[in-house]
>>> print(open('input_4.csv').read())   # CSV, C-alpha atoms and all ligand atoms
chain,number,residue,atom,x,y,z
J,1,MET,CA,-8.3,-5.7,18.3
J,2,LYS,CA,-4.6,-4.7,18.6
J,3,LYS,CA,-3.4,-3.2,21.8
J,4,PRO,CA,-2.1,0.3,21.7
J,5,ILE,CA,1.7,0.2,21.4
J,6,ALA,CA,2.2,2.6,24.4
J,7,ASP,CA,0.1,4.1,27.1
J,8,ALA,CA,2.3,7.1,27.9
J,9,GLN,CA,1.2,10.5,26.8
J,10,GLY,CA,2.8,12.1,23.7
J,11,THR,CA,2.9,8.8,21.8
J,12,THR,CA,1.4,7.1,18.8
J,13,LYS,CA,-1.3,4.5,19.5
J,14,ARG,CA,-2.7,2.0,17.0
J,15,ILE,CA,-5.9,0.1,16.8
J,16,ALA,CA,-7.2,-2.3,14.1
J,17,LEU,CA,-11.0,-2.4,13.9
J,18,CYS,CA,-11.2,-5.7,12.0
J,19,GLY,CA,-10.5,-8.6,14.4
J,20,SER,CA,-11.9,-11.7,16.0
J,21,GLU,CA,-14.7,-9.7,17.7
J,22,SER,CA,-17.1,-8.0,15.4
J,23,ALA,CA,-18.2,-4.4,16.2
J,24,PRO,CA,-21.2,-4.3,18.6
J,25,ALA,CA,-24.5,-2.8,17.4
J,26,ARG,CA,-24.3,-0.5,20.4
J,27,PRO,CA,-21.4,2.0,20.8
J,28,SER,CA,-18.4,1.1,22.9
J,29,ARG,CA,-15.7,3.6,24.0
J,30,VAL,CA,-12.2,3.3,22.7
J,31,GLY,CA,-11.1,3.4,26.3
J,32,TRP,CA,-7.5,4.5,26.1
J,33,SER,CA,-8.1,7.6,24.1
J,34,ASN,CA,-8.0,11.0,25.8
J,35,ALA,CA,-11.0,12.3,23.7
J,36,ASP,CA,-14.4,10.5,23.7
J,37,ILE,CA,-14.0,8.1,20.8
J,38,HIS,CA,-16.5,5.3,20.2
J,39,ARG,CA,-16.9,2.5,17.7
J,40,CYS,CA,-20.2,1.0,16.6
J,41,GLY,CA,-21.3,-1.7,14.2
J,42,LEU,CA,-24.1,-2.2,11.6
J,43,ALA,CA,-26.2,-5.3,11.1
J,44,ASP,CA,-26.2,-6.7,7.6
J,45,ALA,CA,-23.3,-4.5,6.7
J,46,GLU,CA,-21.9,-6.6,3.9
J,47,ARG,CA,-25.1,-6.5,1.8
J,48,ILE,CA,-25.6,-2.8,2.5
J,49,ASN,CA,-22.0,-1.9,1.6
J,50,THR,CA,-22.1,-3.9,-1.7
J,51,ALA,CA,-25.3,-1.9,-2.6
J,52,ILE,CA,-23.7,1.5,-1.7
J,53,ALA,CA,-20.5,0.8,-3.5
J,54,ALA,CA,-22.4,-0.3,-6.6
J,55,ALA,CA,-24.5,2.8,-6.6
J,56,VAL,CA,-21.5,5.1,-6.1
J,57,SER,CA,-19.4,3.4,-8.8
J,58,GLY,CA,-22.1,4.2,-11.4
J,59,MET,CA,-22.1,7.9,-10.5
J,60,ARG,CA,-20.7,10.8,-12.5
J,61,GLU,CA,-19.6,14.3,-11.4
J,62,ASP,CA,-23.0,15.9,-12.1
J,63,ASP,CA,-24.8,13.3,-9.9
J,64,PHE,CA,-23.5,15.1,-6.9
J,65,GLU,CA,-25.4,17.9,-5.4
J,66,ARG,CA,-22.2,19.6,-4.2
J,67,ARG,CA,-18.5,18.8,-4.1
J,68,THR,CA,-16.2,20.6,-1.6
J,69,HIS,CA,-12.7,20.6,-0.1
J,70,PHE,CA,-10.8,20.5,-3.4
J,71,ILE,CA,-7.4,19.5,-2.0
J,72,GLY,CA,-4.5,17.6,-3.6
J,73,GLY,CA,-6.4,17.4,-6.9
J,74,ARG,CA,-9.7,15.9,-5.7
J,75,PHE,CA,-12.9,16.9,-4.0
J,76,GLU,CA,-12.7,15.3,-0.5
J,77,ASN,CA,-16.4,15.8,0.3
J,78,LEU,CA,-19.1,14.6,-2.2
J,79,TYR,CA,-22.6,15.5,-1.2
J,80,ILE,CA,-25.6,13.6,-2.6
J,81,GLU,CA,-29.3,13.4,-1.8
J,82,ARG,CA,-29.9,10.4,0.4
J,83,THR,CA,-32.8,9.3,-1.8
J,84,ARG,CA,-30.2,8.7,-4.6
J,85,ILE,CA,-28.6,5.9,-2.6
J,86,PRO,CA,-31.4,4.0,-0.8
J,87,ALA,CA,-28.8,1.7,0.7
J,88,VAL,CA,-27.4,4.5,2.7
J,89,LEU,CA,-30.6,4.9,4.7
J,90,PRO,CA,-30.0,2.1,7.2
J,91,VAL,CA,-26.4,3.5,7.7
J,92,LEU,CA,-27.8,6.9,8.7
J,93,ASP,CA,-30.5,5.3,10.9
J,94,GLN,CA,-27.8,3.4,12.8
J,95,ALA,CA,-25.6,6.5,13.0
J,96,LEU,CA,-28.5,8.3,14.7
J,97,ALA,CA,-29.1,5.3,17.1
J,98,CYS,CA,-25.4,5.1,18.0
J,99,ALA,CA,-25.1,8.8,18.4
J,100,GLY,CA,-28.1,9.0,20.6
J,101,LEU,CA,-26.5,6.5,23.0
J,102,VAL,CA,-23.2,8.3,22.9
J,103,LEU,CA,-24.8,11.7,23.5
J,104,GLY,CA,-27.6,10.5,25.9
J,105,ARG,CA,-30.3,11.9,23.7
J,106,ALA,CA,-33.3,10.4,21.9
J,107,PRO,CA,-32.4,9.7,18.2
J,108,GLY,CA,-35.6,11.6,17.2
J,109,THR,CA,-34.0,14.8,18.6
J,110,LEU,CA,-31.0,14.5,16.4
J,111,ARG,CA,-30.4,15.0,12.6
J,112,CYS,CA,-27.7,13.4,10.5
J,113,GLY,CA,-25.8,15.0,7.7
J,114,PHE,CA,-23.5,12.9,5.5
J,115,TRP,CA,-21.1,13.0,2.5
J,116,LEU,CA,-19.0,10.5,0.6
J,117,ASN,CA,-15.2,10.3,0.7
J,118,LEU,CA,-14.0,8.4,-2.3
J,119,THR,CA,-10.2,8.0,-2.3
J,120,GLY,CA,-8.4,6.6,-5.3
J,121,PRO,CA,-5.0,5.0,-5.2
J,122,GLY,CA,-2.3,7.5,-4.2
J,123,GLN,CA,-4.9,9.9,-2.7
J,124,SER,CA,-5.3,11.0,0.9
J,125,THR,CA,-7.5,13.2,3.0
J,126,SER,CA,-5.9,16.3,4.6
J,127,GLU,CA,-6.1,17.2,8.3
J,128,HIS,CA,-9.4,18.9,9.2
J,129,THR,CA,-12.1,19.2,11.9
J,130,HIS,CA,-15.9,19.1,11.6
J,131,ASP,CA,-16.9,21.9,14.0
J,132,GLU,CA,-18.3,24.3,11.5
J,133,HIS,CA,-21.8,24.8,12.7
J,134,ASP,CA,-23.9,23.2,15.4
J,135,GLU,CA,-22.4,19.7,15.2
J,136,MET,CA,-22.6,17.7,18.5
J,137,LEU,CA,-20.8,14.5,17.3
J,138,SER,CA,-18.9,13.5,14.2
J,139,GLY,CA,-18.3,10.1,12.7
J,140,VAL,CA,-17.3,8.0,9.8
J,141,TYR,CA,-18.7,4.8,8.4
J,142,TYR,CA,-16.5,2.4,6.3
J,143,VAL,CA,-18.0,1.0,3.1
J,144,ALA,CA,-15.1,-0.3,1.0
J,145,ILE,CA,-11.7,-0.6,2.7
J,146,PRO,CA,-9.1,-2.5,0.6
J,147,PRO,CA,-6.0,-3.6,2.6
J,148,ASP,CA,-3.5,-0.8,3.0
J,149,SER,CA,-5.9,1.9,1.8
J,150,GLY,CA,-5.1,4.3,4.6
J,151,ASP,CA,-5.6,4.6,8.4
J,152,LEU,CA,-7.7,7.2,10.1
J,153,ILE,CA,-5.4,9.4,12.1
J,154,LEU,CA,-6.9,11.3,15.1
J,155,TYR,CA,-4.8,14.0,16.8
J,156,ASP,CA,-6.0,13.3,20.3
J,157,GLY,CA,-4.2,16.0,22.4
J,158,PRO,CA,-0.6,14.8,23.0
J,159,SER,CA,-1.3,11.5,21.4
J,160,THR,CA,-1.8,10.5,17.8
J,161,ILE,CA,-4.2,7.6,17.2
J,162,HIS,CA,-4.0,5.5,14.1
J,163,ILE,CA,-7.2,3.5,13.4
J,164,GLU,CA,-7.0,0.8,10.8
J,165,PRO,CA,-10.6,0.9,9.4
J,166,CYS,CA,-12.9,-2.0,8.9
J,167,ALA,CA,-15.9,-2.1,6.5
J,168,GLY,CA,-19.2,-2.1,8.3
J,169,THR,CA,-17.9,-0.2,11.3
J,170,PHE,CA,-18.5,3.4,12.5
J,171,ILE,CA,-16.1,5.6,14.5
J,172,PHE,CA,-17.6,8.5,16.4
J,173,PHE,CA,-15.5,11.4,17.7
J,174,PRO,CA,-15.9,15.0,18.9
J,175,PRO,CA,-16.4,17.5,16.0
J,176,HIS,CA,-13.4,19.6,17.1
J,177,LEU,CA,-10.9,16.7,17.0
J,178,PRO,CA,-8.4,17.1,14.2
J,179,HIS,CA,-8.0,14.1,11.9
J,180,ALA,CA,-6.8,13.0,8.5
J,181,VAL,CA,-6.5,9.9,6.4
J,182,GLU,CA,-3.3,8.3,5.1
J,183,THR,CA,-2.5,7.8,1.5
J,184,ASN,CA,-4.4,4.9,-0.2
J,185,ARG,CA,-1.5,2.6,-1.1
J,186,SER,CA,-3.8,-0.1,-2.5
J,187,ALA,CA,-4.8,-0.4,-6.2
J,188,LEU,CA,-8.5,0.0,-5.4
J,189,PRO,CA,-10.8,2.9,-4.4
J,190,ARG,CA,-11.5,3.4,-0.7
J,191,LEU,CA,-15.0,4.5,0.2
J,192,SER,CA,-16.2,5.9,3.5
J,193,ILE,CA,-19.2,8.1,4.6
J,194,GLY,CA,-18.5,11.2,6.7
J,195,ILE,CA,-21.1,12.0,9.2
J,196,ASN,CA,-22.1,15.0,11.3
J,197,ILE,CA,-24.8,14.8,14.0
J,198,GLY,CA,-26.6,17.9,15.2
J,199,PRO,CA,-29.8,18.9,17.0
J,200,ARG,CA,-33.0,18.5,15.0
B,301,FE,FE,-13.5,14.1,8.6
>>> encode(input="input_4.csv", output="structure tokens")
Amino acid sequence: MKKPIADAQGTTKRIALCGSESAPARPSRVGWSNADIHRCGLADAERINTAIAAAVSGMREDDFERRTHFIGGRFENLYIERTRIPAVLPVLDQALACAGLVLGRAPGTLRCGFWLNLTGPGQSTSEHTHDEHDEMLSGVYYVAIPPDSGDLILYDGPSTIHIEPCAGTFIFFPPHLPHAVETNRSALPRLSIGINIGPR
């Protein structure tokens, strides 16, 4: 994991999730952030991610239940029934387990909503927040992350945090925290899963 480039307020900080240490199965706090930001891992992520990416690559527009946030020529949020992608189920179970530990609540008292964010070469995700309803915690899980396909940018008070994603890792953050994703400068699609955790 890279060290932040500066600790002073009003600065840009950078972190790379892929490193010598793999993400733990239990959440750990990104300690130098102002906001409560956590990372978490997933067991058997490589196999699960291959299955999710294969399922999504075979999908057409009308496979999606709903497509929203039409910005910059693409729908940023693609909603699909979880039963259409069985490989996503362990991701959602782990999201609830990690969120339960972050929030100090039993996973059974929480529910997990999700959507796909499929970003092609040259595409990006505009700045937004997730605090639309009763969300308690938000997150993202990384499925397919080609090199140079775009950092997650979190606007953390006076600081801006650039997180270089890593497939098989979750990042959790407060729903009100503004964030965006840089332009995908690779030649391949970048696939992540957006997550909102709320009360059951
Ligand atoms: Fe988001």
>>> closest_residue(input="input_4.csv", among="J:Gly194, J:Gly19, J:Pro175, J:Pro86", to="His133 of chain J", atoms="all atoms listed in the file")
J:Pro175
>>> atom_distance(input="input_4.csv", atom1="atom CA of Ala35 of chain J", atom2="atom CA of Asn196 of chain J")
16.9 Å
>>> atom_distance(input="input_4.csv", atom1="atom CA of Asp93 of chain J", atom2="atom CA of Arg66 of chain J")
22.4 Å
>>> residues_near_point(input="input_4.csv", point="(-29.9, -3.7, 6.5)", cutoff="10 Å", atoms="only C-alpha atoms", output="list in words")
Leu42, Ala43, Asp44, Ala45, Glu46, Arg47, Ile48, Asn49, Ala87, Val88, Leu89, Pro90, Val91 and Gln94 of chain J
>>> closest_residue(input="input_4.csv", among="J:Gly104, J:Gly139, J:Pro121, J:Pro189", to="ligand FE 301 (chain B)", atoms="all atoms listed in the file")
J:Gly139
>>> residues_near_ligand(input="input_4.csv", ligand="ligand FE 301 (chain B)", cutoff="9 Å", atoms="all atoms listed in the file", output="number ranges by chain")
J: 77, 117, 125-130, 138-140, 175, 178-181, 194-195
>>> closest_residue(input="input_4.csv", among="J:Gly100, J:Gly72, J:Pro158, J:Gly120", to="Pro146 of chain J", atoms="all atoms listed in the file")
J:Gly120
>>> atom_distance(input="input_4.csv", atom1="atom CA of Phe64 of chain J", atom2="atom CA of Glu81 of chain J")
7.9 Å
>>> closest_residue(input="input_4.csv", among="J:Leu118, J:Ile163, J:Ala99, J:Met136", to="Ile52 of chain J", atoms="all atoms listed in the file")
J:Leu118
>>> closest_residue(input="input_4.csv", among="J:Arg67, J:Phe170, J:Glu182, J:Pro165", to="Leu92 of chain J", atoms="only C-alpha atoms")
J:Phe170
>>> closest_residue(input="input_4.csv", among="J:Gly122, J:Gly198, J:Gly157, J:Pro147", to="Cys18 of chain J", atoms="only C-alpha atoms")
J:Pro147
>>> residues_around(input="input_4.csv", residues="Gln123 of chain J", least_positions_apart="6", cutoff="10 Å", atoms="all atoms listed in the file", output="list in words")
Ile71, Gly72, Gly73, Arg74, Glu76, Ser149, Gly150, Val181, Glu182, Thr183, Asn184, Arg185, Pro189 and Arg190 of chain J
>>> residues_around(input="input_4.csv", residues="Gly108 of chain J", least_positions_apart="3", cutoff="9 Å", atoms="only C-alpha atoms", output="JSON, numbers by chain")
{"J": [96, 100, 105, 111, 200]}
>>> build_atoms(input="input_4.csv", residues="segment 177-199 of chain J", atoms="N, CA and C atoms", output="JSON list (two decimals), keeping the file's coordinate frame")
[["chain", "number", "residue", "atom", "x", "y", "z"],
["J", 177, "LEU", "N", -12.17, 17.48, 17.01],
["J", 177, "LEU", "CA", -10.90, 16.70, 17.00],
["J", 177, "LEU", "C", -10.30, 16.63, 15.63],
["J", 178, "PRO", "N", -9.08, 17.15, 15.48],
["J", 178, "PRO", "CA", -8.40, 17.10, 14.20],
["J", 178, "PRO", "C", -8.14, 15.70, 13.72],
["J", 179, "HIS", "N", -8.32, 15.45, 12.42],
["J", 179, "HIS", "CA", -8.00, 14.10, 11.90],
["J", 179, "HIS", "C", -7.71, 14.18, 10.41],
["J", 180, "ALA", "N", -7.15, 13.09, 9.90],
["J", 180, "ALA", "CA", -6.80, 13.00, 8.50],
["J", 180, "ALA", "C", -6.80, 11.52, 8.11],
["J", 181, "VAL", "N", -6.61, 11.24, 6.83],
["J", 181, "VAL", "CA", -6.50, 9.90, 6.40],
["J", 181, "VAL", "C", -5.25, 9.69, 5.56],
["J", 182, "GLU", "N", -4.53, 8.62, 5.84],
["J", 182, "GLU", "CA", -3.30, 8.30, 5.10],
["J", 182, "GLU", "C", -3.53, 8.08, 3.66],
["J", 183, "THR", "N", -2.45, 8.08, 2.90],
["J", 183, "THR", "CA", -2.50, 7.80, 1.50],
["J", 183, "THR", "C", -3.02, 6.36, 1.22],
["J", 184, "ASN", "N", -3.88, 6.26, 0.23],
["J", 184, "ASN", "CA", -4.40, 4.90, -0.20],
["J", 184, "ASN", "C", -3.28, 4.25, -1.00],
["J", 185, "ARG", "N", -2.64, 3.29, -0.39],
["J", 185, "ARG", "CA", -1.50, 2.60, -1.10],
["J", 185, "ARG", "C", -1.99, 1.28, -1.71],
["J", 186, "SER", "N", -3.29, 1.08, -1.80],
["J", 186, "SER", "CA", -3.80, -0.10, -2.50],
["J", 186, "SER", "C", -4.05, 0.30, -3.98],
["J", 187, "ALA", "N", -4.49, -0.66, -4.77],
["J", 187, "ALA", "CA", -4.80, -0.40, -6.20],
["J", 187, "ALA", "C", -6.27, -0.17, -6.42],
["J", 188, "LEU", "N", -7.03, -0.06, -5.32],
["J", 188, "LEU", "CA", -8.50, 0.00, -5.40],
["J", 188, "LEU", "C", -9.02, 1.26, -4.72],
["J", 189, "PRO", "N", -10.24, 1.71, -5.08],
["J", 189, "PRO", "CA", -10.80, 2.90, -4.40],
["J", 189, "PRO", "C", -11.21, 2.50, -2.95],
["J", 190, "ARG", "N", -11.08, 3.49, -2.07],
["J", 190, "ARG", "CA", -11.50, 3.40, -0.70],
["J", 190, "ARG", "C", -12.71, 4.28, -0.50],
["J", 191, "LEU", "N", -13.80, 3.74, 0.05],
["J", 191, "LEU", "CA", -15.00, 4.50, 0.20],
["J", 191, "LEU", "C", -15.50, 4.56, 1.62],
["J", 192, "SER", "N", -15.67, 5.78, 2.14],
["J", 192, "SER", "CA", -16.20, 5.90, 3.50],
["J", 192, "SER", "C", -17.30, 7.03, 3.42],
["J", 193, "ILE", "N", -18.09, 7.10, 4.49],
["J", 193, "ILE", "CA", -19.20, 8.10, 4.60],
["J", 193, "ILE", "C", -18.85, 8.97, 5.81],
["J", 194, "GLY", "N", -18.65, 10.26, 5.58],
["J", 194, "GLY", "CA", -18.50, 11.20, 6.70],
["J", 194, "GLY", "C", -19.82, 11.59, 7.25],
["J", 195, "ILE", "N", -19.86, 11.78, 8.56],
["J", 195, "ILE", "CA", -21.10, 12.00, 9.20],
["J", 195, "ILE", "C", -21.00, 13.14, 10.25],
["J", 196, "ASN", "N", -22.00, 14.01, 10.27],
["J", 196, "ASN", "CA", -22.10, 15.00, 11.30],
["J", 196, "ASN", "C", -23.51, 14.88, 11.97],
["J", 197, "ILE", "N", -23.54, 14.85, 13.29],
["J", 197, "ILE", "CA", -24.80, 14.80, 14.00],
["J", 197, "ILE", "C", -25.03, 16.11, 14.71],
["J", 198, "GLY", "N", -26.23, 16.66, 14.52],
["J", 198, "GLY", "CA", -26.60, 17.90, 15.20],
["J", 198, "GLY", "C", -27.99, 17.85, 15.74],
["J", 199, "PRO", "N", -28.43, 18.91, 16.41],
["J", 199, "PRO", "CA", -29.80, 18.90, 17.00],
["J", 199, "PRO", "C", -30.82, 19.09, 15.85]]
